[in-house]
Amino acid sequence: MFRRLPPLNAVRAFEASARLKSFTAAAGELGVTHGAISRQVRNLEGWFGFALFLRSNRKVTLTTEGQEYLDEVSAVLDKLSVATERLTGPRGVKVLRVCAPETFSVRWLIPRLSALARAHPNIEIRLRPMVTLDEHLTDSFDVVIRRGEMERPGFKSTPFLRETCTPVISPRLLQQVPLDTPRALRNHTLLNAESLDHLWPSWLRSVGLNARKASRNLRFQSLNYALQAAVEGLGVAMGPSAIVADDIASGRLVTPLSEHTLTMGDFHILTAANISSHDPAYIFRRWLIEGQPQE
């Protein structure tokens, strides 16, 4: 069967540039010059007959066609990479492609992966952050982790981690500005995460306070940024119990209002419904479920 394929080096240059949002970063990843990347992308655009990027002031932005192509190309290159490494990598090594929220990965999953590696040294985890809630599950990843149940035909969504949420603060800041009651928050800066922007309003309502009357607010795109800002003493963040567990254990953060908690949705893992007990996705799912205490 004849396949109408674009120049593959140009596709690689496009995918890296679009994913990294920079021709310079793509050049570094692929080990070529900025000019080579630019030429390859223009070559691909010439092959298509339309632009894939909007270029202005050294910033590259995908066109609608470029975004549509990136969604498909990334999945294809991931599958090609995995297929290649399964043949050329160490015998017996099984690659598992995992998609999970960035904050969950950095603060909860990655610190625990060494335990999985010791128990299952033949499983190689490929972890990527979740960019949107509509990832291409069957093409790009073997398992997806997300807060809340995921409904997909042919897939199974399994809860494995329960959480509550309460304000967290650095011990240093707490010593400088006491926080012994919810009303004392008026003396603090509230650190908000746009990815979970309902947390502070919901918690404040639960203790009978009006979110609009807080004295100061700082906003960050991700929960990870907000929690790190709390560690650095910039203010008070909402801390999901599992995600901040290591920060609490190490003393980087404390929970002065721990009697006031907000229930959050369980974390779920999504896998194919019919996987065998020898499949890395099944083993990973079992490790997540059996390794965590259920409240």
# chains A, B, ... in the order shown; residues from 1 in each chain; ligands from 1
$ closest_atom_pairs --of "range 18-103 of chain A" --to "range 230-246 of chain A" --cutoff "12 Å" --atoms "only C-alpha atoms" --output "Markdown table"
| residue | atom | partner | partner_atom | distance |
| --- | --- | --- | --- | --- |
| A:Pro101 | CA | A:Ile243 | CA | 11.3 |
| A:Glu102 | CA | A:Ile243 | CA | 11.0 |
| A:Thr103 | CA | A:Ile243 | CA | 7.7 |
$ write_last_selection --atoms "N, CA and C atoms" --output "short mmCIF file (atom, residue, chain, number, x, y, z; two decimals), in the first residue's frame"
data_model
loop_
_atom_site.label_atom_id
_atom_site.label_comp_id
_atom_site.auth_asym_id
_atom_site.auth_seq_id
_atom_site.Cartn_x
_atom_site.Cartn_y
_atom_site.Cartn_z
N PRO A 101 -0.97 14.47 36.12
CA PRO A 101 -0.81 15.91 36.39
C PRO A 101 0.57 16.23 36.93
N GLU A 102 1.10 17.38 36.55
CA GLU A 102 2.48 17.74 36.90
C GLU A 102 2.71 17.78 38.40
N THR A 103 1.84 18.45 39.16
CA THR A 103 2.04 18.58 40.59
C THR A 103 1.99 17.22 41.27
#
$ residues_around --residues "range 142-149 of chain A" --least-positions-apart "2" --cutoff "10 Å" --atoms "only C-alpha atoms" --output "mmCIF file with all heavy atoms, in the first residue's frame"
data_model
loop_
_atom_site.group_PDB
_atom_site.id
_atom_site.type_symbol
_atom_site.label_atom_id
_atom_site.label_comp_id
_atom_site.auth_asym_id
_atom_site.auth_seq_id
_atom_site.Cartn_x
_atom_site.Cartn_y
_atom_site.Cartn_z
ATOM 1 N N VAL A 95 8.374 -0.959 28.417
ATOM 2 C CA VAL A 95 8.150 0.470 28.550
ATOM 3 C C VAL A 95 6.688 0.717 28.920
ATOM 4 O O VAL A 95 5.770 0.127 28.331
ATOM 5 C CB VAL A 95 8.495 1.211 27.247
ATOM 6 C CG1 VAL A 95 8.091 2.684 27.338
ATOM 7 C CG2 VAL A 95 9.988 1.074 26.948
ATOM 8 N N LEU A 96 6.465 1.575 29.913
ATOM 9 C CA LEU A 96 5.122 1.952 30.332
ATOM 10 C C LEU A 96 4.988 3.463 30.214
ATOM 11 O O LEU A 96 5.676 4.213 30.909
ATOM 12 C CB LEU A 96 4.850 1.505 31.768
ATOM 13 C CG LEU A 96 3.453 1.832 32.316
ATOM 14 C CD1 LEU A 96 2.391 1.034 31.559
ATOM 15 C CD2 LEU A 96 3.370 1.559 33.800
ATOM 16 N N ARG A 97 4.077 3.915 29.353
ATOM 17 C CA ARG A 97 3.888 5.345 29.117
ATOM 18 C C ARG A 97 2.785 5.853 30.049
ATOM 19 O O ARG A 97 1.637 5.425 29.949
ATOM 20 C CB ARG A 97 3.522 5.597 27.661
ATOM 21 C CG ARG A 97 4.554 5.079 26.668
ATOM 22 C CD ARG A 97 4.001 5.050 25.260
ATOM 23 N NE ARG A 97 2.830 4.184 25.173
ATOM 24 C CZ ARG A 97 2.013 4.145 24.112
ATOM 25 N NH1 ARG A 97 2.237 4.938 23.084
ATOM 26 N NH2 ARG A 97 0.980 3.334 24.097
ATOM 27 N N VAL A 98 3.170 6.774 30.934
ATOM 28 C CA VAL A 98 2.264 7.272 31.972
ATOM 29 C C VAL A 98 2.014 8.755 31.766
ATOM 30 O O VAL A 98 2.952 9.533 31.583
ATOM 31 C CB VAL A 98 2.845 7.033 33.380
ATOM 32 C CG1 VAL A 98 1.908 7.582 34.448
ATOM 33 C CG2 VAL A 98 3.110 5.542 33.606
ATOM 34 N N CYS A 99 0.760 9.161 31.816
ATOM 35 C CA CYS A 99 0.383 10.569 31.758
ATOM 36 C C CYS A 99 -0.266 10.927 33.088
ATOM 37 O O CYS A 99 -1.201 10.247 33.533
ATOM 38 C CB CYS A 99 -0.596 10.804 30.606
ATOM 39 S SG CYS A 99 -1.247 12.496 30.518
ATOM 40 N N ALA A 100 0.214 11.986 33.737
ATOM 41 C CA ALA A 100 -0.303 12.366 35.055
ATOM 42 C C ALA A 100 -0.149 13.868 35.246
ATOM 43 O O ALA A 100 0.710 14.499 34.625
ATOM 44 C CB ALA A 100 0.441 11.619 36.157
ATOM 45 N N PRO A 101 -0.967 14.473 36.118
ATOM 46 C CA PRO A 101 -0.815 15.906 36.391
ATOM 47 C C PRO A 101 0.573 16.227 36.929
ATOM 48 O O PRO A 101 1.165 15.444 37.675
ATOM 49 C CB PRO A 101 -1.894 16.170 37.453
ATOM 50 C CG PRO A 101 -2.890 15.086 37.266
ATOM 51 C CD PRO A 101 -2.094 13.881 36.852
ATOM 52 N N PHE A 104 1.043 16.389 40.894
ATOM 53 C CA PHE A 104 0.948 15.035 41.440
ATOM 54 C C PHE A 104 2.227 14.259 41.140
ATOM 55 O O PHE A 104 2.758 13.550 42.002
ATOM 56 C CB PHE A 104 -0.261 14.315 40.840
ATOM 57 C CG PHE A 104 -0.330 12.852 41.165
ATOM 58 C CD1 PHE A 104 -0.900 12.417 42.356
ATOM 59 C CD2 PHE A 104 0.181 11.915 40.286
ATOM 60 C CE1 PHE A 104 -0.948 11.069 42.667
ATOM 61 C CE2 PHE A 104 0.133 10.562 40.578
ATOM 62 C CZ PHE A 104 -0.433 10.135 41.776
ATOM 63 N N SER A 105 2.739 14.378 39.918
ATOM 64 C CA SER A 105 3.944 13.638 39.526
ATOM 65 C C SER A 105 5.157 14.083 40.333
ATOM 66 O O SER A 105 5.914 13.257 40.850
ATOM 67 C CB SER A 105 4.214 13.836 38.035
ATOM 68 O OG SER A 105 3.149 13.325 37.255
ATOM 69 N N ARG A 126 7.856 5.918 31.431
ATOM 70 C CA ARG A 126 7.985 7.137 30.634
ATOM 71 C C ARG A 126 6.872 8.075 31.092
ATOM 72 O O ARG A 126 5.702 7.877 30.760
ATOM 73 C CB ARG A 126 7.836 6.839 29.144
ATOM 74 C CG ARG A 126 8.879 5.877 28.617
ATOM 75 C CD ARG A 126 10.265 6.514 28.579
ATOM 76 N NE ARG A 126 11.265 5.551 28.144
ATOM 77 C CZ ARG A 126 11.498 5.234 26.873
ATOM 78 N NH1 ARG A 126 10.783 5.811 25.916
ATOM 79 N NH2 ARG A 126 12.416 4.350 26.561
ATOM 80 N N LEU A 127 7.230 9.070 31.878
ATOM 81 C CA LEU A 127 6.242 9.935 32.515
ATOM 82 C C LEU A 127 6.152 11.268 31.802
ATOM 83 O O LEU A 127 7.169 11.956 31.625
ATOM 84 C CB LEU A 127 6.618 10.141 33.984
ATOM 85 C CG LEU A 127 5.698 11.008 34.844
ATOM 86 C CD1 LEU A 127 4.304 10.409 34.897
ATOM 87 C CD2 LEU A 127 6.286 11.151 36.241
ATOM 88 N N ARG A 128 4.943 11.655 31.420
ATOM 89 C CA ARG A 128 4.712 12.952 30.783
ATOM 90 C C ARG A 128 3.599 13.691 31.518
ATOM 91 O O ARG A 128 2.649 13.068 31.994
ATOM 92 C CB ARG A 128 4.321 12.777 29.312
ATOM 93 C CG ARG A 128 5.491 12.439 28.412
ATOM 94 C CD ARG A 128 5.164 12.754 26.984
ATOM 95 N NE ARG A 128 6.308 12.552 26.116
ATOM 96 C CZ ARG A 128 6.310 12.853 24.825
ATOM 97 N NH1 ARG A 128 5.224 13.369 24.272
ATOM 98 N NH2 ARG A 128 7.384 12.649 24.084
ATOM 99 N N PRO A 129 3.709 15.006 31.613
ATOM 100 C CA PRO A 129 2.646 15.765 32.289
ATOM 101 C C PRO A 129 1.379 15.806 31.461
ATOM 102 O O PRO A 129 1.416 15.756 30.231
ATOM 103 C CB PRO A 129 3.254 17.165 32.433
ATOM 104 C CG PRO A 129 4.225 17.261 31.300
ATOM 105 C CD PRO A 129 4.793 15.879 31.119
ATOM 106 N N MET A 130 0.258 15.906 32.151
ATOM 107 C CA MET A 130 -1.023 16.061 31.475
ATOM 108 C C MET A 130 -1.199 17.518 31.076
ATOM 109 O O MET A 130 -1.175 18.407 31.923
ATOM 110 C CB MET A 130 -2.162 15.621 32.398
ATOM 111 C CG MET A 130 -3.543 15.808 31.819
ATOM 112 S SD MET A 130 -4.825 15.099 32.877
ATOM 113 C CE MET A 130 -4.519 13.351 32.633
ATOM 114 N N LEU A 133 -7.266 17.769 29.597
ATOM 115 C CA LEU A 133 -8.040 16.623 30.067
ATOM 116 C C LEU A 133 -8.462 15.715 28.920
ATOM 117 O O LEU A 133 -9.087 14.686 29.141
ATOM 118 C CB LEU A 133 -9.284 17.112 30.823
ATOM 119 C CG LEU A 133 -9.011 17.938 32.072
ATOM 120 C CD1 LEU A 133 -10.335 18.307 32.742
ATOM 121 C CD2 LEU A 133 -8.114 17.199 33.042
ATOM 122 N N GLU A 135 -6.440 14.078 26.602
ATOM 123 C CA GLU A 135 -5.283 13.435 26.005
ATOM 124 C C GLU A 135 -5.738 12.250 25.130
ATOM 125 O O GLU A 135 -6.779 11.640 25.369
ATOM 126 C CB GLU A 135 -4.345 12.911 27.106
ATOM 127 C CG GLU A 135 -3.824 13.990 28.036
ATOM 128 C CD GLU A 135 -2.776 14.876 27.391
ATOM 129 O OE1 GLU A 135 -2.425 14.646 26.235
ATOM 130 O OE2 GLU A 135 -2.315 15.806 28.061
ATOM 131 N N HIS A 136 -4.921 11.922 24.121
ATOM 132 C CA HIS A 136 -5.233 10.799 23.244
ATOM 133 C C HIS A 136 -4.799 9.511 23.948
ATOM 134 O O HIS A 136 -3.687 9.024 23.778
ATOM 135 C CB HIS A 136 -4.534 10.972 21.895
ATOM 136 C CG HIS A 136 -5.027 12.154 21.140
ATOM 137 N ND1 HIS A 136 -6.221 12.154 20.457
ATOM 138 C CD2 HIS A 136 -4.519 13.405 21.003
ATOM 139 C CE1 HIS A 136 -6.426 13.339 19.899
ATOM 140 N NE2 HIS A 136 -5.406 14.115 20.221
ATOM 141 N N LEU A 137 -5.694 8.942 24.736
ATOM 142 C CA LEU A 137 -5.347 7.860 25.644
ATOM 143 C C LEU A 137 -4.817 6.633 24.915
ATOM 144 O O LEU A 137 -3.776 6.094 25.269
ATOM 145 C CB LEU A 137 -6.576 7.495 26.482
ATOM 146 C CG LEU A 137 -7.218 8.665 27.234
ATOM 147 C CD1 LEU A 137 -8.459 8.194 27.967
ATOM 148 C CD2 LEU A 137 -6.236 9.264 28.212
ATOM 149 N N THR A 138 -5.531 6.169 23.932
ATOM 150 C CA THR A 138 -5.158 4.916 23.307
ATOM 151 C C THR A 138 -3.910 5.047 22.449
ATOM 152 O O THR A 138 -3.215 4.058 22.220
ATOM 153 C CB THR A 138 -6.307 4.388 22.432
ATOM 154 O OG1 THR A 138 -6.660 5.373 21.457
ATOM 155 C CG2 THR A 138 -7.526 4.087 23.286
ATOM 156 N N ASP A 139 -3.613 6.230 21.947
ATOM 157 C CA ASP A 139 -2.468 6.411 21.052
ATOM 158 C C ASP A 139 -1.193 6.794 21.780
ATOM 159 O O ASP A 139 -0.111 6.333 21.437
ATOM 160 C CB ASP A 139 -2.781 7.487 20.008
ATOM 161 C CG ASP A 139 -3.873 7.050 19.049
ATOM 162 O OD1 ASP A 139 -3.990 5.838 18.818
ATOM 163 O OD2 ASP A 139 -4.598 7.919 18.546
ATOM 164 N N SER A 140 -1.288 7.669 22.782
ATOM 165 C CA SER A 140 -0.100 8.261 23.368
ATOM 166 C C SER A 140 0.351 7.611 24.662
ATOM 167 O O SER A 140 1.533 7.671 24.998
ATOM 168 C CB SER A 140 -0.342 9.755 23.637
ATOM 169 O OG SER A 140 -0.647 10.428 22.448
ATOM 170 N N GLU A 151 -14.363 8.265 32.137
ATOM 171 C CA GLU A 151 -15.213 7.334 31.411
ATOM 172 C C GLU A 151 -14.790 7.279 29.950
ATOM 173 O O GLU A 151 -14.901 8.260 29.223
ATOM 174 C CB GLU A 151 -16.679 7.748 31.522
ATOM 175 C CG GLU A 151 -17.224 7.682 32.958
ATOM 176 C CD GLU A 151 -18.697 8.026 33.021
ATOM 177 O OE1 GLU A 151 -19.287 8.278 31.947
ATOM 178 O OE2 GLU A 151 -19.257 8.040 34.131
ATOM 179 N N ARG A 152 -14.243 6.145 29.538
ATOM 180 C CA ARG A 152 -13.853 5.929 28.152
ATOM 181 C C ARG A 152 -14.248 4.513 27.759
ATOM 182 O O ARG A 152 -13.970 3.571 28.492
ATOM 183 C CB ARG A 152 -12.329 6.093 27.962
ATOM 184 C CG ARG A 152 -11.779 7.463 28.295
ATOM 185 C CD ARG A 152 -12.178 8.509 27.276
ATOM 186 N NE ARG A 152 -11.463 9.760 27.474
ATOM 187 C CZ ARG A 152 -11.773 10.669 28.370
ATOM 188 N NH1 ARG A 152 -12.789 10.460 29.188
ATOM 189 N NH2 ARG A 152 -11.088 11.791 28.487
ATOM 190 N N PHE A 155 -12.073 1.152 28.500
ATOM 191 C CA PHE A 155 -11.093 1.446 29.527
ATOM 192 C C PHE A 155 -11.709 1.305 30.918
ATOM 193 O O PHE A 155 -12.937 1.386 31.082
ATOM 194 C CB PHE A 155 -10.523 2.859 29.356
ATOM 195 C CG PHE A 155 -9.613 2.998 28.176
ATOM 196 C CD1 PHE A 155 -10.136 3.190 26.898
ATOM 197 C CD2 PHE A 155 -8.240 2.924 28.327
ATOM 198 C CE1 PHE A 155 -9.299 3.305 25.806
ATOM 199 C CE2 PHE A 155 -7.401 3.038 27.239
ATOM 200 C CZ PHE A 155 -7.926 3.229 25.975
ATOM 201 N N LYS A 156 -10.864 1.124 31.915
ATOM 202 C CA LYS A 156 -11.305 0.971 33.299
ATOM 203 C C LYS A 156 -10.687 2.064 34.157
ATOM 204 O O LYS A 156 -9.464 2.240 34.167
ATOM 205 C CB LYS A 156 -10.894 -0.407 33.825
ATOM 206 C CG LYS A 156 -11.277 -0.658 35.282
ATOM 207 C CD LYS A 156 -10.838 -2.047 35.721
ATOM 208 C CE LYS A 156 -11.218 -2.308 37.168
ATOM 209 N NZ LYS A 156 -10.773 -3.662 37.604
ATOM 210 N N SER A 157 -11.521 2.816 34.872
ATOM 211 C CA SER A 157 -11.062 3.878 35.766
ATOM 212 C C SER A 157 -11.132 3.374 37.198
ATOM 213 O O SER A 157 -12.206 3.036 37.694
ATOM 214 C CB SER A 157 -11.949 5.122 35.590
ATOM 215 O OG SER A 157 -11.501 6.189 36.402
ATOM 216 N N THR A 158 -9.965 3.316 37.873
ATOM 217 C CA THR A 158 -9.877 2.724 39.206
ATOM 218 C C THR A 158 -9.365 3.757 40.205
ATOM 219 O O THR A 158 -8.292 4.321 40.022
ATOM 220 C CB THR A 158 -8.914 1.521 39.209
ATOM 221 O OG1 THR A 158 -9.286 0.614 38.167
ATOM 222 C CG2 THR A 158 -8.933 0.812 40.558
ATOM 223 N N PRO A 159 -10.111 4.015 41.302
ATOM 224 C CA PRO A 159 -9.616 4.943 42.329
ATOM 225 C C PRO A 159 -8.488 4.306 43.138
ATOM 226 O O PRO A 159 -8.511 3.102 43.404
ATOM 227 C CB PRO A 159 -10.853 5.185 43.204
ATOM 228 C CG PRO A 159 -11.675 3.954 43.035
ATOM 229 C CD PRO A 159 -11.438 3.463 41.636
ATOM 230 N N PHE A 160 -7.488 5.113 43.525
ATOM 231 C CA PHE A 160 -6.396 4.545 44.315
ATOM 232 C C PHE A 160 -5.887 5.477 45.415
ATOM 233 O O PHE A 160 -5.106 5.053 46.269
ATOM 234 C CB PHE A 160 -5.225 4.159 43.414
ATOM 235 C CG PHE A 160 -4.494 5.322 42.789
ATOM 236 C CD1 PHE A 160 -3.396 5.905 43.416
ATOM 237 C CD2 PHE A 160 -4.907 5.837 41.572
ATOM 238 C CE1 PHE A 160 -2.740 6.979 42.844
ATOM 239 C CE2 PHE A 160 -4.255 6.909 40.993
ATOM 240 C CZ PHE A 160 -3.169 7.490 41.634
ATOM 241 N N LEU A 161 -6.309 6.729 45.437
ATOM 242 C CA LEU A 161 -5.768 7.657 46.425
ATOM 243 C C LEU A 161 -6.819 8.681 46.819
ATOM 244 O O LEU A 161 -7.343 9.394 45.969
ATOM 245 C CB LEU A 161 -4.541 8.375 45.844
ATOM 246 C CG LEU A 161 -3.726 9.247 46.798
ATOM 247 C CD1 LEU A 161 -3.132 8.422 47.932
ATOM 248 C CD2 LEU A 161 -2.618 9.973 46.034
ATOM 249 N N ARG A 162 -7.133 8.732 48.115
ATOM 250 C CA ARG A 162 -8.120 9.673 48.630
ATOM 251 C C ARG A 162 -7.413 10.860 49.272
ATOM 252 O O ARG A 162 -6.330 10.721 49.823
ATOM 253 C CB ARG A 162 -9.029 8.988 49.650
ATOM 254 C CG ARG A 162 -9.850 7.851 49.078
ATOM 255 C CD ARG A 162 -10.587 7.106 50.169
ATOM 256 N NE ARG A 162 -11.347 5.985 49.614
ATOM 257 C CZ ARG A 162 -11.956 5.070 50.346
ATOM 258 N NH1 ARG A 162 -11.895 5.133 51.670
ATOM 259 N NH2 ARG A 162 -12.620 4.092 49.776
ATOM 260 N N GLU A 163 -8.079 12.011 49.213
ATOM 261 C CA GLU A 163 -7.458 13.217 49.757
ATOM 262 C C GLU A 163 -8.465 14.129 50.431
ATOM 263 O O GLU A 163 -9.636 14.172 50.058
ATOM 264 C CB GLU A 163 -6.785 14.021 48.631
ATOM 265 C CG GLU A 163 -5.420 13.540 48.234
ATOM 266 C CD GLU A 163 -4.713 14.578 47.402
ATOM 267 O OE1 GLU A 163 -5.288 15.034 46.396
ATOM 268 O OE2 GLU A 163 -3.585 14.940 47.756
ATOM 269 N N MET A 264 -11.772 16.151 48.829
ATOM 270 C CA MET A 264 -11.447 16.264 47.414
ATOM 271 C C MET A 264 -11.758 14.952 46.708
ATOM 272 O O MET A 264 -11.937 13.913 47.343
ATOM 273 C CB MET A 264 -9.968 16.614 47.230
ATOM 274 C CG MET A 264 -9.549 17.900 47.906
ATOM 275 S SD MET A 264 -7.853 18.367 47.512
ATOM 276 C CE MET A 264 -8.002 18.844 45.788
ATOM 277 N N GLY A 265 -11.811 14.991 45.392
ATOM 278 C CA GLY A 265 -12.065 13.785 44.622
ATOM 279 C C GLY A 265 -10.880 12.833 44.662
ATOM 280 O O GLY A 265 -9.727 13.248 44.813
ATOM 281 N N ASP A 266 -11.152 11.543 44.556
ATOM 282 C CA ASP A 266 -10.095 10.542 44.526
ATOM 283 C C ASP A 266 -9.277 10.659 43.246
ATOM 284 O O ASP A 266 -9.788 11.047 42.189
ATOM 285 C CB ASP A 266 -10.682 9.127 44.583
ATOM 286 C CG ASP A 266 -11.446 8.848 45.856
ATOM 287 O OD1 ASP A 266 -11.336 9.654 46.799
ATOM 288 O OD2 ASP A 266 -12.156 7.824 45.906
ATOM 289 N N PHE A 267 -7.995 10.278 43.330
ATOM 290 C CA PHE A 267 -7.203 10.082 42.120
ATOM 291 C C PHE A 267 -7.573 8.726 41.526
ATOM 292 O O PHE A 267 -7.720 7.739 42.239
ATOM 293 C CB PHE A 267 -5.710 10.124 42.431
ATOM 294 C CG PHE A 267 -5.136 11.511 42.437
ATOM 295 C CD1 PHE A 267 -4.844 12.150 43.623
ATOM 296 C CD2 PHE A 267 -4.891 12.176 41.244
ATOM 297 C CE1 PHE A 267 -4.329 13.434 43.632
ATOM 298 C CE2 PHE A 267 -4.367 13.458 41.240
ATOM 299 C CZ PHE A 267 -4.088 14.084 42.436
ATOM 300 N N HIS A 268 -7.721 8.707 40.194
ATOM 301 C CA HIS A 268 -8.037 7.483 39.459
ATOM 302 C C HIS A 268 -6.911 7.168 38.486
ATOM 303 O O HIS A 268 -6.216 8.064 38.004
ATOM 304 C CB HIS A 268 -9.332 7.646 38.666
ATOM 305 C CG HIS A 268 -10.573 7.517 39.485
ATOM 306 N ND1 HIS A 268 -11.541 6.561 39.243
ATOM 307 C CD2 HIS A 268 -11.015 8.209 40.559
ATOM 308 C CE1 HIS A 268 -12.517 6.685 40.119
ATOM 309 N NE2 HIS A 268 -12.234 7.689 40.924
ATOM 310 N N ILE A 269 -6.772 5.887 38.174
ATOM 311 C CA ILE A 269 -5.867 5.456 37.109
ATOM 312 C C ILE A 269 -6.702 4.807 36.024
ATOM 313 O O ILE A 269 -7.572 3.969 36.303
ATOM 314 C CB ILE A 269 -4.778 4.496 37.623
ATOM 315 C CG1 ILE A 269 -3.898 4.033 36.442
ATOM 316 C CG2 ILE A 269 -5.357 3.317 38.387
ATOM 317 C CD1 ILE A 269 -2.682 3.240 36.867
ATOM 318 N N LEU A 270 -6.475 5.215 34.792
ATOM 319 C CA LEU A 270 -7.217 4.697 33.642
ATOM 320 C C LEU A 270 -6.329 3.733 32.860
ATOM 321 O O LEU A 270 -5.217 4.087 32.463
ATOM 322 C CB LEU A 270 -7.650 5.844 32.736
ATOM 323 C CG LEU A 270 -8.592 5.473 31.591
ATOM 324 C CD1 LEU A 270 -9.980 5.178 32.119
ATOM 325 C CD2 LEU A 270 -8.658 6.594 30.556
ATOM 326 N N THR A 271 -6.811 2.522 32.673
ATOM 327 C CA THR A 271 -6.098 1.509 31.902
ATOM 328 C C THR A 271 -7.084 0.820 30.964
ATOM 329 O O THR A 271 -8.298 0.938 31.132
ATOM 330 C CB THR A 271 -5.480 0.435 32.816
ATOM 331 O OG1 THR A 271 -6.529 -0.197 33.570
ATOM 332 C CG2 THR A 271 -4.471 1.044 33.775
ATOM 333 N N ALA A 272 -6.547 0.095 29.992
ATOM 334 C CA ALA A 272 -7.415 -0.709 29.134
ATOM 335 C C ALA A 272 -8.144 -1.729 30.006
ATOM 336 O O ALA A 272 -7.597 -2.247 30.979
ATOM 337 C CB ALA A 272 -6.592 -1.407 28.059
ATOM 338 N N PRO A 280 2.483 -4.449 31.998
ATOM 339 C CA PRO A 280 3.032 -3.418 32.892
ATOM 340 C C PRO A 280 1.966 -2.473 33.435
ATOM 341 O O PRO A 280 2.067 -2.014 34.579
ATOM 342 C CB PRO A 280 4.025 -2.668 31.995
ATOM 343 C CG PRO A 280 4.416 -3.654 30.959
ATOM 344 C CD PRO A 280 3.198 -4.499 30.711
ATOM 345 N N ALA A 281 0.943 -2.165 32.647
ATOM 346 C CA ALA A 281 -0.122 -1.275 33.120
ATOM 347 C C ALA A 281 -0.892 -1.917 34.272
ATOM 348 O O ALA A 281 -1.271 -1.244 35.235
ATOM 349 C CB ALA A 281 -1.068 -0.927 31.975
ATOM 350 N N TYR A 282 -1.123 -3.224 34.183
ATOM 351 C CA TYR A 282 -1.817 -3.942 35.268
ATOM 352 C C TYR A 282 -0.953 -3.942 36.527
ATOM 353 O O TYR A 282 -1.440 -3.696 37.634
ATOM 354 C CB TYR A 282 -2.111 -5.377 34.831
ATOM 355 C CG TYR A 282 -2.800 -6.219 35.879
ATOM 356 C CD1 TYR A 282 -4.191 -6.332 35.894
ATOM 357 C CD2 TYR A 282 -2.075 -6.895 36.861
ATOM 358 C CE1 TYR A 282 -4.833 -7.097 36.855
ATOM 359 C CE2 TYR A 282 -2.706 -7.655 37.826
ATOM 360 C CZ TYR A 282 -4.088 -7.757 37.813
ATOM 361 O OH TYR A 282 -4.717 -8.510 38.774
ATOM 362 N N PHE A 284 1.419 -1.842 37.338
ATOM 363 C CA PHE A 284 1.499 -0.474 37.853
ATOM 364 C C PHE A 284 0.227 -0.110 38.617
ATOM 365 O O PHE A 284 0.281 0.475 39.702
ATOM 366 C CB PHE A 284 1.718 0.483 36.683
ATOM 367 C CG PHE A 284 1.914 1.924 37.078
ATOM 368 C CD1 PHE A 284 3.046 2.340 37.752
ATOM 369 C CD2 PHE A 284 0.947 2.873 36.760
ATOM 370 C CE1 PHE A 284 3.228 3.675 38.110
ATOM 371 C CE2 PHE A 284 1.120 4.204 37.105
ATOM 372 C CZ PHE A 284 2.255 4.598 37.786
ATOM 373 N N ARG A 285 -0.913 -0.457 38.052
ATOM 374 C CA ARG A 285 -2.185 -0.184 38.721
ATOM 375 C C ARG A 285 -2.264 -0.913 40.062
ATOM 376 O O ARG A 285 -2.667 -0.329 41.069
ATOM 377 C CB ARG A 285 -3.355 -0.598 37.820
ATOM 378 C CG ARG A 285 -4.733 -0.284 38.401
ATOM 379 C CD ARG A 285 -5.822 -0.725 37.449
ATOM 380 N NE ARG A 285 -5.874 -2.169 37.318
ATOM 381 C CZ ARG A 285 -6.544 -2.804 36.369
ATOM 382 N NH1 ARG A 285 -7.208 -2.119 35.450
ATOM 383 N NH2 ARG A 285 -6.549 -4.123 36.304
#
$ closest_residue --among "A:Leu179, A:Val93, A:Leu52, A:Val60" --to "Ala26 in chain A" --atoms "only C-alpha atoms"
A:Val60
$ select_by_dssp --residues "range 118-237 of chain A" --states "strand (DSSP E or B)" --output "ChimeraX atom specification"
/A:123-129,143-147,155-161,164-169,189-193,216-220,236-237
$ select_by_dssp --residues "range 34-209 of chain A" --states "alpha helix (DSSP H)" --output "NGL selection string"
:A and (34-48 or 64-88 or 102-104 or 113-119 or 137-140 or 171-176 or 199-206)
$ closest_residue --among "A:Ser56, A:Asn9, A:Asn122, A:Ser38" --to "His278 in chain A" --atoms "only C-alpha atoms"
A:Asn122
$ closest_residue --among "A:Leu70, A:Phe53, A:Pro153, A:Trp287" --to "Asn274 in chain A" --atoms "only C-alpha atoms"
A:Pro153
$ residues_around --residues "Leu113 in chain A" --least-positions-apart "3" --cutoff "12 Å" --atoms "only C-alpha atoms" --output "PDB file with C-alpha atoms, in the first residue's frame"
ATOM      1  CA  SER A 105       3.944  13.638  39.526  1.00  0.00           C
ATOM      2  CA  VAL A 106       6.548  15.939  41.093  1.00  0.00           C
ATOM      3  CA  ARG A 107       5.333  15.840  44.693  1.00  0.00           C
ATOM      4  CA  TRP A 108       3.823  12.357  45.004  1.00  0.00           C
ATOM      5  CA  LEU A 109       4.562   9.896  42.215  1.00  0.00           C
ATOM      6  CA  ILE A 110       8.236  10.506  41.414  1.00  0.00           C
ATOM      7  CA  LEU A 116       8.379   0.369  41.954  1.00  0.00           C
ATOM      8  CA  ALA A 117      11.796   0.099  40.289  1.00  0.00           C
ATOM      9  CA  ARG A 118      13.046  -2.178  43.067  1.00  0.00           C
ATOM     10  CA  ALA A 119       9.961  -4.385  42.888  1.00  0.00           C
ATOM     11  CA  HIS A 120       9.753  -4.442  39.078  1.00  0.00           C
ATOM     12  CA  PRO A 121      13.157  -3.583  37.555  1.00  0.00           C
ATOM     13  CA  ILE A 123       9.412  -1.876  33.842  1.00  0.00           C
ATOM     14  CA  GLU A 124      10.686   1.430  32.457  1.00  0.00           C
ATOM     15  CA  ILE A 125       8.393   4.364  33.217  1.00  0.00           C
ATOM     16  CA  ARG A 126       7.985   7.137  30.634  1.00  0.00           C
ATOM     17  CA  LEU A 127       6.242   9.935  32.515  1.00  0.00           C
ATOM     18  CA  PHE A 284       1.499  -0.474  37.853  1.00  0.00           C
ATOM     19  CA  TRP A 287       1.178  -1.268  42.833  1.00  0.00           C
ATOM     20  CA  LEU A 288      -0.680   2.028  43.157  1.00  0.00           C
ATOM     21  CA  GLY A 291       0.792   0.354  48.106  1.00  0.00           C
TER      22      GLY A 291
END
